[in-house]
file work.txt (compact mmCIF, C-alpha atoms)
# COMPACT_ATOMS: atom_id res chain seq x y z
CA MET N 592 -147.65 62.46 -50.82
CA LYS N 593 -144.14 62.82 -52.10
CA ARG N 594 -144.61 66.55 -52.65
CA GLU N 595 -146.01 66.99 -49.12
CA LYS N 596 -142.96 65.29 -47.60
CA LEU N 597 -140.63 67.40 -49.67
CA THR N 598 -142.38 70.61 -48.54
CA LYS N 599 -142.11 69.55 -44.90
CA ALA N 600 -138.45 68.65 -45.27
CA VAL N 601 -137.66 72.06 -46.82
CA LEU N 602 -139.60 73.91 -44.12
CA LEU N 603 -137.92 71.87 -41.37
CA ALA N 604 -134.51 72.65 -42.85
CA CYS N 605 -135.37 76.39 -42.93
CA ALA N 606 -136.56 76.32 -39.31
CA ALA N 607 -133.44 74.43 -38.21
CA ALA N 608 -131.25 76.97 -40.04
CA LEU N 609 -133.12 79.81 -38.32
CA LEU N 610 -132.66 78.13 -34.93
CA LEU N 611 -128.95 77.53 -35.48
CA LEU N 612 -128.19 80.94 -37.02
CA GLY N 613 -130.00 82.73 -34.20
CA GLY N 614 -129.04 80.39 -31.36
CA ILE N 615 -125.36 79.56 -31.89
CA PRO N 616 -124.02 83.16 -31.57
CA ILE N 617 -125.99 83.66 -28.35
CA TYR N 618 -124.91 80.24 -27.04
CA ARG N 619 -121.24 81.08 -27.75
CA HIS N 620 -121.53 84.60 -26.29
CA ARG N 621 -122.84 83.18 -23.01
CA ARG N 622 -119.81 80.87 -22.77
CA TYR N 623 -117.13 83.29 -24.06
CA GLN N 624 -114.37 83.82 -21.50
CA VAL N 625 -112.26 86.98 -21.39
CA PRO N 626 -108.65 86.17 -20.40
CA VAL N 627 -107.30 88.48 -17.71
CA VAL N 628 -103.56 88.76 -16.99
CA PRO N 629 -103.26 89.51 -13.25
CA GLY N 630 -100.60 92.16 -12.70
CA PRO N 631 -97.81 92.31 -10.12
CA GLY N 632 -100.15 93.85 -7.53
CA VAL N 633 -102.58 90.93 -7.44
CA THR N 634 -101.83 88.81 -4.39
CA LYS N 635 -104.93 86.59 -4.38
CA VAL N 636 -107.78 85.65 -6.70
CA VAL N 637 -110.86 84.31 -4.94
CA ARG N 638 -114.51 83.84 -5.93
CA LEU N 639 -117.54 85.82 -4.83
CA ALA N 640 -119.01 82.49 -3.69
CA ASP N 641 -116.28 82.35 -1.02
CA TYR N 642 -118.25 85.10 0.73
CA GLY N 643 -121.75 83.85 -0.10
CA ALA N 644 -122.28 80.09 -0.11
CA GLY N 645 -125.54 80.58 -2.02
CA LEU N 646 -123.54 81.44 -5.15
CA LYS N 647 -121.44 78.25 -5.28
CA GLY N 648 -121.81 76.52 -8.62
CA THR N 649 -124.21 79.16 -10.00
CA PRO N 650 -123.70 81.31 -13.13
CA ALA N 651 -123.66 84.37 -10.83
CA ASP N 652 -120.33 83.46 -9.23
CA THR N 653 -117.47 85.67 -10.42
CA PRO N 654 -113.72 86.22 -9.80
CA VAL N 655 -112.61 88.65 -7.09
CA PHE N 656 -109.07 90.06 -7.39
CA ILE N 657 -107.30 91.10 -4.21
CA LEU N 658 -104.37 93.52 -4.37
CA GLU N 659 -102.58 93.82 -1.04
CA GLY N 660 -99.97 96.45 -0.29
CA LYS N 661 -96.59 95.94 1.33
CA GLN N 662 -97.81 97.97 4.31
CA PRO N 663 -101.16 97.59 6.09
CA GLY N 664 -103.69 100.38 5.70
CA GLY N 665 -107.29 100.87 4.68
CA LYS N 666 -109.37 98.73 2.35
CA ALA N 667 -111.36 99.63 -0.74
CA ILE N 668 -113.57 97.61 -3.05
CA LEU N 669 -114.07 98.43 -6.72
CA ILE N 670 -117.18 96.99 -8.33
CA ALA N 671 -117.72 97.10 -12.11
CA ALA N 672 -120.28 95.73 -14.59
CA THR N 673 -123.08 95.91 -12.06
CA HIS N 674 -124.82 96.82 -15.31
CA ALA N 675 -122.95 94.83 -17.94
CA ASN N 676 -124.08 97.14 -20.77
CA GLU N 677 -122.00 99.95 -19.22
CA PRO N 678 -118.54 98.47 -19.92
CA ALA N 679 -116.21 101.43 -19.27
CA GLY N 680 -116.09 100.55 -15.56
CA MET N 681 -115.15 96.96 -16.36
CA LEU N 682 -112.27 98.18 -18.56
CA ALA N 683 -111.07 100.59 -15.84
CA SER N 684 -111.18 97.82 -13.22
CA LEU N 685 -109.27 95.42 -15.49
CA ILE N 686 -106.61 98.06 -16.15
CA ILE N 687 -106.15 98.25 -12.37
CA VAL N 688 -106.02 94.43 -12.06
CA GLU N 689 -103.42 94.13 -14.84
CA ASN N 690 -101.21 97.08 -13.80
CA ALA N 691 -101.69 98.44 -10.28
CA LEU N 692 -99.18 98.19 -7.48
CA ILE N 693 -100.41 98.89 -3.97
CA GLU N 694 -98.02 100.64 -1.62
CA LYS N 695 -100.35 100.71 1.35
CA GLY N 696 -103.71 99.10 2.16
CA THR N 697 -105.78 96.67 0.13
CA LEU N 698 -107.81 97.00 -3.04
CA ILE N 699 -110.47 94.39 -3.84
CA VAL N 700 -111.68 94.40 -7.46
CA ILE N 701 -114.73 92.66 -8.95
CA PRO N 702 -114.58 93.41 -12.72
CA VAL N 703 -117.82 91.61 -13.68
CA PHE N 704 -120.13 91.96 -10.70
CA ASN N 705 -123.28 90.75 -12.47
CA ASN N 706 -121.77 87.79 -14.29
CA SER N 707 -125.16 86.58 -15.51
CA ALA N 708 -125.90 89.99 -17.11
CA GLY N 709 -122.41 89.93 -18.62
CA ARG N 710 -123.48 86.82 -20.53
CA ASN N 711 -126.89 88.20 -21.49
CA THR N 712 -127.78 90.50 -24.38
CA ARG N 713 -130.63 92.76 -25.53
CA ALA N 714 -131.58 91.30 -28.86
CA GLY N 715 -134.61 93.59 -29.23
CA ASP N 716 -132.34 96.66 -29.20
CA GLY N 717 -129.86 95.06 -31.62
CA TYR N 718 -126.99 95.09 -29.12
CA PRO N 719 -123.65 93.83 -30.46
CA LEU N 720 -122.54 90.65 -28.68
CA TYR N 721 -118.87 91.72 -28.45
CA PHE N 722 -116.64 94.75 -28.79
CA GLU N 723 -112.92 94.94 -29.45
CA ILE N 724 -110.39 97.31 -27.95
CA PRO N 725 -107.21 97.92 -29.99
CA THR N 726 -104.03 97.11 -28.05
CA ASP N 727 -100.29 97.17 -28.77
CA TRP N 728 -100.38 93.42 -29.53
CA GLY N 729 -103.65 93.14 -31.50
CA SER N 730 -107.12 93.59 -30.16
CA LYS N 731 -108.82 92.35 -27.03
CA THR N 732 -112.40 91.10 -27.29
CA PHE N 733 -114.94 91.67 -24.53
CA ARG N 734 -118.53 90.53 -24.18
CA MET N 735 -121.16 93.26 -24.35
CA GLY N 736 -123.75 92.37 -21.74
CA ASN N 737 -127.13 93.61 -20.64
CA ARG N 738 -128.42 95.64 -17.70
CA ASP N 739 -130.16 92.72 -16.01
CA ALA N 740 -129.28 89.11 -15.23
CA SER N 741 -130.39 86.51 -17.74
CA PRO N 742 -133.80 84.96 -17.08
CA LEU N 743 -132.05 81.63 -17.76
CA ASP N 744 -130.32 82.14 -14.41
CA GLN N 745 -133.03 83.83 -12.35
CA TRP N 746 -136.65 83.27 -13.17
CA PRO N 747 -139.63 83.74 -12.80
CA ASP N 748 -139.88 87.49 -12.24
CA PRO N 749 -142.52 88.58 -9.73
CA ASP N 750 -145.42 90.88 -10.75
CA VAL N 751 -143.95 93.49 -8.42
CA TYR N 752 -140.48 93.29 -6.88
CA ILE N 753 -140.66 93.88 -3.13
CA HIS N 754 -137.23 95.05 -1.98
CA TYR N 755 -135.66 93.29 1.01
CA PRO N 756 -135.50 94.42 3.78
CA GLU N 757 -137.11 97.86 3.17
CA ARG N 758 -140.22 96.42 1.43
CA GLN N 759 -140.32 99.21 -1.16
CA LEU N 760 -142.28 98.24 -4.29
CA LEU N 761 -140.08 98.30 -7.40
CA SER N 762 -140.45 97.31 -11.03
CA TYR N 763 -140.65 93.53 -11.56
CA ILE N 764 -137.52 93.48 -13.76
CA ASP N 765 -135.37 95.10 -11.08
CA ILE N 766 -135.21 91.81 -9.20
CA ARG N 767 -132.59 90.89 -11.84
CA ASN N 768 -130.81 94.28 -11.51
CA THR N 769 -127.87 94.15 -9.08
CA ASN N 770 -128.22 97.86 -8.47
CA ARG N 771 -131.66 97.33 -6.94
CA THR N 772 -130.99 94.23 -4.84
CA TRP N 773 -128.60 95.70 -2.26
CA PRO N 774 -128.05 94.77 0.58
CA GLY N 775 -129.32 91.36 -0.44
CA ARG N 776 -129.89 88.22 1.61
CA PRO N 777 -128.22 84.81 1.72
CA ASP N 778 -131.27 82.81 0.69
CA GLY N 779 -133.02 85.27 -1.63
CA ALA N 780 -133.20 85.47 -5.42
CA LEU N 781 -129.84 84.89 -7.15
CA MET N 782 -129.08 88.61 -7.58
CA GLU N 783 -129.90 89.23 -3.91
CA ARG N 784 -127.31 86.56 -3.12
CA VAL N 785 -124.76 88.40 -5.32
CA THR N 786 -125.15 91.69 -3.45
CA PHE N 787 -125.27 89.87 -0.10
CA ALA N 788 -121.89 88.23 -0.85
CA ALA N 789 -120.42 91.67 -1.70
CA MET N 790 -121.84 93.06 1.56
CA GLU N 791 -120.19 90.14 3.38
CA ILE N 792 -116.83 91.09 1.82
CA MET N 793 -117.29 94.64 3.11
CA ARG N 794 -118.45 93.58 6.58
CA SER N 795 -115.97 90.73 7.15
CA GLU N 796 -112.92 92.48 5.65
CA GLY N 797 -113.69 95.88 7.20
CA VAL N 798 -113.78 97.68 3.85
CA ASP N 799 -113.61 101.48 4.19
CA VAL N 800 -114.53 102.62 0.67
CA ALA N 801 -116.73 101.08 -2.05
CA VAL N 802 -116.71 102.44 -5.60
CA ASP N 803 -119.39 101.17 -8.01
CA LEU N 804 -118.63 102.06 -11.67
CA HIS N 805 -121.53 102.83 -14.03
CA GLY N 806 -122.51 104.66 -17.19
CA ALA N 807 -125.60 106.77 -17.79
CA GLU N 808 -127.39 108.27 -20.78
CA THR N 809 -126.56 111.85 -21.79
CA MET N 810 -130.31 112.59 -21.59
CA PHE N 811 -130.55 111.29 -18.02
CA PRO N 812 -130.04 113.94 -15.32
CA VAL N 813 -127.92 111.71 -13.08
CA THR N 814 -124.94 111.44 -15.41
CA ASN N 815 -121.30 112.53 -15.38
CA CYS N 816 -121.32 112.49 -11.59
CA ILE N 817 -120.47 110.86 -8.29
CA VAL N 818 -123.58 109.72 -6.40
CA ALA N 819 -122.87 109.77 -2.69
CA PRO N 820 -124.89 109.50 0.54
CA GLU N 821 -124.34 111.92 3.43
CA LYS N 822 -121.43 109.94 4.92
CA SER N 823 -119.45 110.01 1.62
CA SER N 824 -120.41 113.47 0.38
CA LYS N 825 -117.37 115.36 1.71
CA ILE N 826 -114.86 113.07 0.02
CA ALA N 827 -116.99 112.98 -3.16
CA THR N 828 -117.04 116.79 -3.27
CA LEU N 829 -113.27 117.05 -2.78
CA ALA N 830 -112.67 114.42 -5.47
CA ALA N 831 -115.00 116.24 -7.90
CA MET N 832 -113.26 119.58 -7.24
CA ASN N 833 -109.80 118.09 -7.67
CA VAL N 834 -110.47 116.35 -10.99
CA LYS N 835 -112.10 119.52 -12.26
CA ALA N 836 -109.12 121.67 -11.24
CA ALA N 837 -106.26 119.30 -12.09
CA GLU N 838 -107.61 117.18 -14.92
CA LYS N 839 -110.13 119.58 -16.49
CA PHE N 840 -113.21 117.37 -16.61
CA ASP N 841 -116.51 117.55 -14.79
CA SER N 842 -117.88 114.95 -12.43
CA HIS N 843 -120.28 116.71 -10.11
CA VAL N 844 -121.76 115.30 -6.90
CA GLU N 845 -125.35 114.04 -6.71
CA PRO N 846 -126.89 113.21 -3.33
CA SER N 847 -128.05 109.63 -2.85
CA PRO N 848 -131.83 109.78 -2.26
CA ALA N 849 -132.69 108.20 1.10
CA GLY N 850 -136.12 107.09 -0.11
CA PHE N 851 -134.98 105.10 -3.15
CA ARG N 852 -133.96 101.64 -2.00
CA GLY N 853 -131.81 98.84 -3.32
CA LEU N 854 -129.02 100.98 -4.81
CA SER N 855 -125.36 100.51 -3.89
CA HIS N 856 -124.83 104.17 -2.96
CA ARG N 857 -127.68 103.92 -0.46
CA GLU N 858 -127.67 100.41 1.03
CA ILE N 859 -123.88 99.85 1.36
CA GLY N 860 -123.66 102.90 3.59
CA ASP N 861 -126.76 101.94 5.57
CA TYR N 862 -125.90 98.25 6.08
CA ALA N 863 -122.10 98.40 6.52
CA ALA N 864 -119.51 100.81 7.90
CA THR N 865 -118.24 101.31 4.32
CA MET N 866 -118.47 104.67 2.52
CA PRO N 867 -120.11 104.09 -0.90
CA PHE N 868 -119.61 106.08 -4.11
CA LEU N 869 -121.36 105.40 -7.42
CA LEU N 870 -119.64 106.85 -10.49
CA GLU N 871 -121.59 107.67 -13.64
CA ALA N 872 -119.82 108.41 -16.93
CA PRO N 873 -121.94 109.49 -19.93
CA ILE N 874 -122.52 106.66 -22.43
CA PRO N 875 -124.32 107.82 -25.61
CA PHE N 876 -124.86 104.17 -26.64
CA LEU N 877 -127.56 103.87 -23.94
CA ASP N 878 -129.55 106.92 -25.06
CA GLN N 879 -132.78 106.03 -26.83
CA PRO N 880 -132.83 108.56 -29.71
CA THR N 881 -129.64 107.36 -31.39
CA GLY N 882 -128.83 105.58 -34.64
CA PRO N 883 -128.13 101.83 -34.65
CA LYS N 884 -126.54 100.35 -31.53
CA THR N 885 -123.21 99.55 -33.16
CA VAL N 886 -119.79 98.80 -31.71
CA ARG N 887 -118.63 102.07 -33.25
CA LEU N 888 -121.26 104.03 -31.29
CA LEU N 889 -120.22 102.18 -28.13
CA LEU N 890 -116.55 103.06 -28.67
CA ASP N 891 -116.62 106.61 -30.05
CA GLY N 892 -119.95 107.81 -28.63
CA LYS N 893 -120.63 109.88 -31.77
CA ASP N 894 -124.23 110.16 -32.87
CA PRO N 895 -125.89 112.75 -35.16
CA PHE N 896 -129.24 112.59 -33.35
CA LEU N 897 -127.65 113.36 -29.99
CA LEU N 898 -125.67 116.15 -31.63
CA SER N 899 -128.91 117.66 -32.85
CA LEU N 900 -130.44 117.33 -29.37
CA ALA N 901 -127.33 118.91 -27.83
CA LYS N 902 -127.84 121.97 -30.04
CA LYS N 903 -131.38 122.20 -28.66
CA LYS N 904 -129.96 121.94 -25.11
CA LYS N 905 -131.77 118.68 -24.37
CA LEU N 906 -128.74 116.83 -22.97
CA PHE N 907 -127.34 116.96 -19.45
CA VAL N 908 -123.69 116.96 -20.58
CA PRO N 909 -121.76 119.04 -23.10
CA TYR N 910 -121.77 117.14 -26.40
CA ASP N 911 -120.16 117.98 -29.74
CA GLU N 912 -118.73 116.31 -32.86
CA ALA N 913 -116.06 114.61 -30.72
CA GLY N 914 -118.76 112.43 -29.09
CA TRP N 915 -117.97 110.82 -25.75
CA SER N 916 -115.44 108.05 -26.35
CA MET N 917 -114.86 104.88 -24.38
CA ASP N 918 -111.33 106.06 -23.58
CA ARG N 919 -112.72 109.26 -22.09
CA ARG N 920 -115.22 107.31 -19.97
CA VAL N 921 -112.58 104.82 -18.78
CA GLY N 922 -110.23 107.71 -18.00
CA GLN N 923 -112.89 109.53 -15.98
CA HIS N 924 -113.64 106.41 -13.94
CA MET N 925 -109.97 105.85 -13.29
CA SER N 926 -109.16 109.41 -12.20
CA VAL N 927 -112.26 109.85 -10.04
CA THR N 928 -111.65 106.47 -8.33
CA LEU N 929 -108.00 107.33 -7.64
CA GLU N 930 -108.99 110.76 -6.37
CA ILE N 931 -111.59 109.29 -4.00
CA LEU N 932 -108.94 106.91 -2.61
CA ARG N 933 -106.45 109.78 -2.27
CA GLN N 934 -108.92 112.03 -0.46
CA PHE N 935 -109.96 109.19 1.87
CA SER N 936 -106.30 108.37 2.60
CA LYS N 937 -105.47 112.01 3.39
CA ARG N 938 -108.26 112.19 5.95
CA ASN N 939 -107.77 108.79 7.55
CA PRO N 940 -104.19 108.32 8.78
CA GLY N 941 -103.44 104.64 9.31
CA ARG N 942 -106.17 103.63 6.86
CA GLU N 943 -104.49 104.83 3.66
CA ILE N 944 -104.97 103.05 0.34
CA ILE N 945 -102.10 104.12 -1.93
CA VAL N 946 -102.17 102.89 -5.53
CA HIS N 947 -99.34 103.23 -8.08
CA ASP N 948 -98.68 102.43 -11.73
CA VAL N 949 -102.15 103.08 -13.07
CA PRO N 950 -102.96 105.65 -15.77
CA ARG N 951 -105.18 108.66 -15.20
CA PHE N 952 -107.66 110.45 -17.46
CA ALA N 953 -105.14 112.24 -19.72
CA ASP N 954 -102.98 109.09 -20.12
CA ILE N 955 -105.93 106.94 -21.20
CA VAL N 956 -107.33 109.57 -23.59
CA ARG N 957 -103.86 110.00 -25.13
CA ASN N 958 -102.76 106.35 -25.31
CA GLY N 959 -106.09 104.52 -25.49
CA ALA N 960 -107.42 102.10 -22.85
CA GLY N 961 -106.12 99.14 -24.88
CA SER N 962 -102.50 100.13 -24.39
CA TYR N 963 -102.78 99.10 -20.73
CA PHE N 964 -103.89 95.51 -21.39
CA HIS N 965 -101.30 92.74 -21.50
CA ASP N 966 -101.15 90.00 -24.12
CA PRO N 967 -102.66 86.81 -22.67
CA ALA N 968 -100.75 84.76 -25.27
CA ALA N 969 -97.46 86.00 -23.79
CA ALA N 970 -98.51 85.31 -20.19
CA ASP N 971 -98.10 82.12 -18.17
CA PRO N 972 -101.31 80.16 -18.94
CA ASP N 973 -101.49 79.01 -15.29
CA GLU N 974 -101.70 82.62 -14.14
CA LEU N 975 -104.51 83.67 -16.49
CA VAL N 976 -107.95 84.23 -14.98
CA HIS N 977 -110.95 83.76 -17.24
CA ASP N 978 -113.71 86.25 -16.48
CA MET E 826 -140.28 77.22 -5.10
CA THR E 827 -138.48 79.10 -7.90
CA LEU E 828 -136.85 75.86 -9.02
CA ILE E 829 -140.21 74.09 -9.14
CA ILE E 830 -141.69 76.91 -11.27
CA MET E 831 -138.63 76.79 -13.55
CA VAL E 832 -139.01 73.01 -14.01
CA LEU E 833 -142.77 73.33 -14.64
CA TYR E 834 -142.10 76.12 -17.15
CA HIS E 835 -139.65 73.97 -19.09
CA LEU E 836 -142.07 71.03 -19.03
CA LEU E 837 -144.82 73.33 -20.34
CA CYS E 838 -142.49 74.55 -23.11
CA ALA E 839 -141.63 70.96 -24.01
CA TRP E 840 -145.31 70.01 -24.08
CA LEU E 841 -146.23 72.97 -26.33
CA ALA E 842 -143.27 72.19 -28.57
CA ALA E 843 -144.42 68.58 -28.88
CA ILE E 844 -147.96 69.71 -29.79
CA LEU E 845 -146.64 72.17 -32.38
CA PHE E 846 -144.43 69.54 -33.89
CA TRP E 847 -147.34 67.07 -33.96
CA ASN E 848 -149.48 69.71 -35.76
CA PHE E 849 -146.69 70.21 -38.25
CA TRP E 850 -146.33 66.46 -38.80
CA THR E 851 -150.03 65.76 -39.28
CA GLU E 852 -150.91 68.84 -41.38
CA LYS E 853 -151.42 67.72 -44.96
CA LYS E 854 -152.15 70.79 -47.08
CA ASP E 855 -152.03 74.20 -45.42
CA ARG E 856 -148.51 75.49 -46.05
CA ASP E 857 -149.08 78.61 -43.89
CA SER E 858 -149.99 76.43 -40.96
CA LEU E 859 -146.85 74.34 -41.46
CA TRP E 860 -144.63 77.39 -41.55
CA LEU E 861 -146.29 79.10 -38.58
CA SER E 862 -146.01 75.95 -36.45
CA LEU E 863 -142.25 75.91 -37.02
CA LEU E 864 -141.82 79.64 -36.40
CA VAL E 865 -143.63 79.43 -33.06
CA LEU E 866 -141.49 76.41 -32.21
CA VAL E 867 -138.19 78.35 -32.46
CA PRO E 868 -138.38 80.41 -29.20
CA LEU E 869 -139.68 77.39 -27.31
CA LEU E 870 -136.72 75.31 -28.45
CA LEU E 871 -134.28 78.13 -27.58
CA ARG E 872 -135.66 78.05 -24.02
CA ILE E 873 -135.77 74.26 -23.73
CA PHE E 874 -132.13 74.05 -24.83
CA ARG E 875 -131.33 76.95 -22.42
CA ILE E 876 -129.87 79.15 -25.15
CA LYS E 877 -132.07 82.20 -24.66
call {"tool": "encode", "arguments": {"input": "work.txt", "output": "structure tokens"}}
result
Amino acid sequence: MKREKLTKAVLLACAAALLLLGGIPIYRHRRYQVPVVPGPGVTKVVRLADYGAGLKGTPADTPVFILEGKQPGGKAILIAATHANEPAGMLASLIIVENALIEKGTLIVIPVFNNSAGRNTRAGDGYPLYFEIPTDWGSKTFRMGNRDASPLDQWPDPDVYIHYPERQLLSYIDIRNTNRTWPGRPDGALMERVTFAAMEIMRSEGVDVAVDLHGAETMFPVTNCIVAPEKSSKIATLAAMNVKAAEKFDSHVEPSPAGFRGLSHREIGDYAATMPFLLEAPIPFLDQPTGPKTVRLLLDGKDPFLLSLAKKKKLFVPYDEAGWSMDRRVGQHMSVTLEILRQFSKRNPGREIIVHDVPRFADIVRNGAGSYFHDPAAADPDELVHD
Amino acid sequence: MTLIIMVLYHLLCAWLAAILFWNFWTEKKDRDSLWLSLLVLVPLLLRIFRIK
């Protein structure tokens, strides 16, 4: 009897240790807040729920930074971390929030669009929970998220996801993917409410340009590109040509397929007057035939298996020993976004969006993305925004 | 509707967890059964406590 109780006590202690060791890091990751130091260009910080009442008090609500220029002009929205496991876009958007000055027009920035996915992980793939970017004052820690919203926030998944309003049949898991739930609806699943609120920003504020920042595998054909529907293709082409000529990197144009529903580059253009652009920068971390999914792979993009595949011409981007670093991806996003805004402004007098004081591709590759983040410890605590 | 399913799911998890714990408590000899009951309990508890 005594031995039986002792065995049970030991086993219970082991199970409790397993539960705590496995559960506490995930619990803390879900609640970890990244401090953001709003720069001199930020004139207002609102919440996505201000545009979609269905998000109030939910884990999908997220900060929206508004940067208004001294002079009126056009309006653009920058959306990042639609897929929270593609973090270069989030870093680029935060560099804008912490540094940009707007001369003309308005820039609206949502750094963590799918907030639930930003607090989710992919344990089965061994994703790191955090990554650190070196800065001039130490290092800044960010959450590494997942592609889809957490089932803790939106569940159950249907057997088949029927897109609203086009009724196209999509994979069940895409109902938690905010790049399949556009244009959304006010009373739909939580992620449909997220995209609906963003559509409401675009419709109510009269947004001219929407840029959605992503990353894609080097083995996926739609990578290193700007995905644009017909209405955005001219500006996308000019932006691609200009970055190629002036900044010496590729970002070709891919047409947005009209028959594939739920994606930002398709639905934003179809359900609002806004011109959408989706930017893809190559992220080797997401490729399947790589070594372990480490922070190092996420940051330097160097992998021997991809190198071997590159030699066999199996990748859709040039790839060598230099890998494809985070700084390079952030720099590409920044330059292509700025170039899209510049081309739009040139062609739309009176609707210009002119942005200053933000680095471009060469600056970020040379100095590192971290050199553009400000020390939250040195900032006024009342001005910090926790994202 | 989704909320109702979510609540029912958590109740089901709690019920299964209670049964597993009861099996663990009443098992007298089979050490494998004791260990397996606890292992299966872990993901259910993570969901009930809304950790994962």
call {"tool": "residues_around", "arguments": {"input": "work.txt", "residues": "N:Leu761", "least_positions_apart": "5", "cutoff": "9 Å", "atoms": "all atoms listed in the file", "output": "list in words"}}
result
Val751, Tyr752, Ile753, His754, Ile766, Arg771 and Arg852 of chain N
call {"tool": "write_last_selection", "arguments": {"input": "work.txt", "atoms": "C-alpha atoms", "output": "PDB file, in the frame of the given file"}}
result
ATOM      1  CA  VAL N 751    -143.950  93.490  -8.420  1.00  0.00           C
ATOM      2  CA  TYR N 752    -140.480  93.290  -6.880  1.00  0.00           C
ATOM      3  CA  ILE N 753    -140.660  93.880  -3.130  1.00  0.00           C
ATOM      4  CA  HIS N 754    -137.230  95.050  -1.980  1.00  0.00           C
ATOM      5  CA  ILE N 766    -135.210  91.810  -9.200  1.00  0.00           C
ATOM      6  CA  ARG N 771    -131.660  97.330  -6.940  1.00  0.00           C
ATOM      7  CA  ARG N 852    -133.960 101.640  -2.000  1.00  0.00           C
TER       8      ARG N 852
END
call {"tool": "atom_distance", "arguments": {"input": "work.txt", "atom1": "atom CA of E:Thr851", "atom2": "atom CA of N:Lys593"}}
result
14.4 Å
call {"tool": "closest_residue", "arguments": {"input": "work.txt", "among": "N:Leu685, N:Ile617, N:Leu597, N:Ile955", "to": "chain E", "atoms": "all atoms listed in the file"}}
result
N:Ile617
call {"tool": "atom_distance", "arguments": {"input": "work.txt", "atom1": "atom CA of N:Ile724", "atom2": "atom CA of N:Met782"}}
result
29.0 Å
call {"tool": "interface_residues", "arguments": {"input": "work.txt", "of": "chain N", "to": "chain E", "cutoff": "8 Å", "atoms": "all atoms listed in the file", "output": "list in words"}}
result
Glu595, Lys599, Leu602, Leu603, Ala606, Leu609, Leu610, Gly614, Ile617, Tyr618, Leu743, Trp746 and Pro747 of chain N
call {"tool": "closest_residue", "arguments": {"input": "work.txt", "among": "N:Phe733, N:Tyr862, N:Tyr642, N:Trp728", "to": "N:His977", "atoms": "only C-alpha atoms"}}
result
N:Phe733
call {"tool": "closest_residue", "arguments": {"input": "work.txt", "among": "N:Asp744, N:Asp878, N:Asp750, N:Asp948", "to": "N:Gly648", "atoms": "all atoms listed in the file"}}
result
N:Asp744
call {"tool": "residues_near_point", "arguments": {"input": "work.txt", "point": "(-121.0, 111.1, -9.0)", "cutoff": "6 Å", "atoms": "all atoms listed in the file", "output": "list of chain:residue names"}}
result
N:Cys816, N:Ile817, N:Val818, N:His843, N:Val844, N:Glu845, N:Leu869, N:Leu870, N:Glu871
call {"tool": "atom_distance", "arguments": {"input": "work.txt", "atom1": "atom CA of N:Val785", "atom2": "atom CA of N:Lys635"}}
result
19.9 Å
call {"tool": "closest_residue", "arguments": {"input": "work.txt", "among": "N:Ser684, N:Glu694, N:Glu677, N:His947", "to": "N:Glu659", "atoms": "all atoms listed in the file"}}
result
N:Glu694
call {"tool": "closest_residue", "arguments": {"input": "work.txt", "among": "N:Ser823, N:Thr634, N:Ser795, N:Asn737", "to": "N:Met866", "atoms": "only C-alpha atoms"}}
result
N:Ser823
call {"tool": "axis_aligned_box", "arguments": {"input": "work.txt", "around": "stretch 749-762 of chain N", "padding_each_side": "5 Å", "output": "lines of an AutoDock Vina configuration file"}}
result
center_x = -140.5
center_y = 93.9
center_z = -3.6
size_x = 19.9
size_y = 20.6
size_z = 24.8
call {"tool": "residues_around", "arguments": {"input": "work.txt", "residues": "N:Leu658", "least_positions_apart": "6", "cutoff": "6 Å", "atoms": "all atoms listed in the file", "output": "CSV table (one decimal) with C-alpha atoms, in the coordinates of the input"}}
result
chain,number,residue,atom,x,y,z
N,632,GLY,CA,-100.2,93.8,-7.5
N,633,VAL,CA,-102.6,90.9,-7.4
N,634,THR,CA,-101.8,88.8,-4.4
N,697,THR,CA,-105.8,96.7,0.1
N,698,LEU,CA,-107.8,97.0,-3.0
call {"tool": "residues_near_point", "arguments": {"input": "work.txt", "point": "(-113.2, 97.6, -18.3)", "cutoff": "9 Å", "atoms": "all atoms listed in the file", "output": "list in words"}}
result
Ala671, Ala672, Pro678, Ala679, Gly680, Met681, Leu682, Ala683, Ser684, Leu685, Ile686, Pro702, Val703, Phe733, Val921 and Ala960 of chain N
call {"tool": "residues_around", "arguments": {"input": "work.txt", "residues": "N:Glu808", "least_positions_apart": "4", "cutoff": "12 Å", "atoms": "all atoms listed in the file", "output": "list of chain:residue names"}}
result
N:Asn676, N:Glu677, N:Pro812, N:Val813, N:Thr814, N:Asn815, N:Cys816, N:Glu871, N:Ala872, N:Pro873, N:Ile874, N:Pro875, N:Phe876, N:Leu877, N:Asp878, N:Gln879, N:Pro880, N:Thr881, N:Leu889, N:Gly892, N:Leu897, N:Lys905, N:Leu906, N:Phe907, N:Val908, N:Tyr910, N:Trp915
call {"tool": "closest_residue", "arguments": {"input": "work.txt", "among": "N:Ala651, N:Val601, N:Val976, N:Ala953", "to": "N:Gly922", "atoms": "all atoms listed in the file"}}
result
N:Ala953
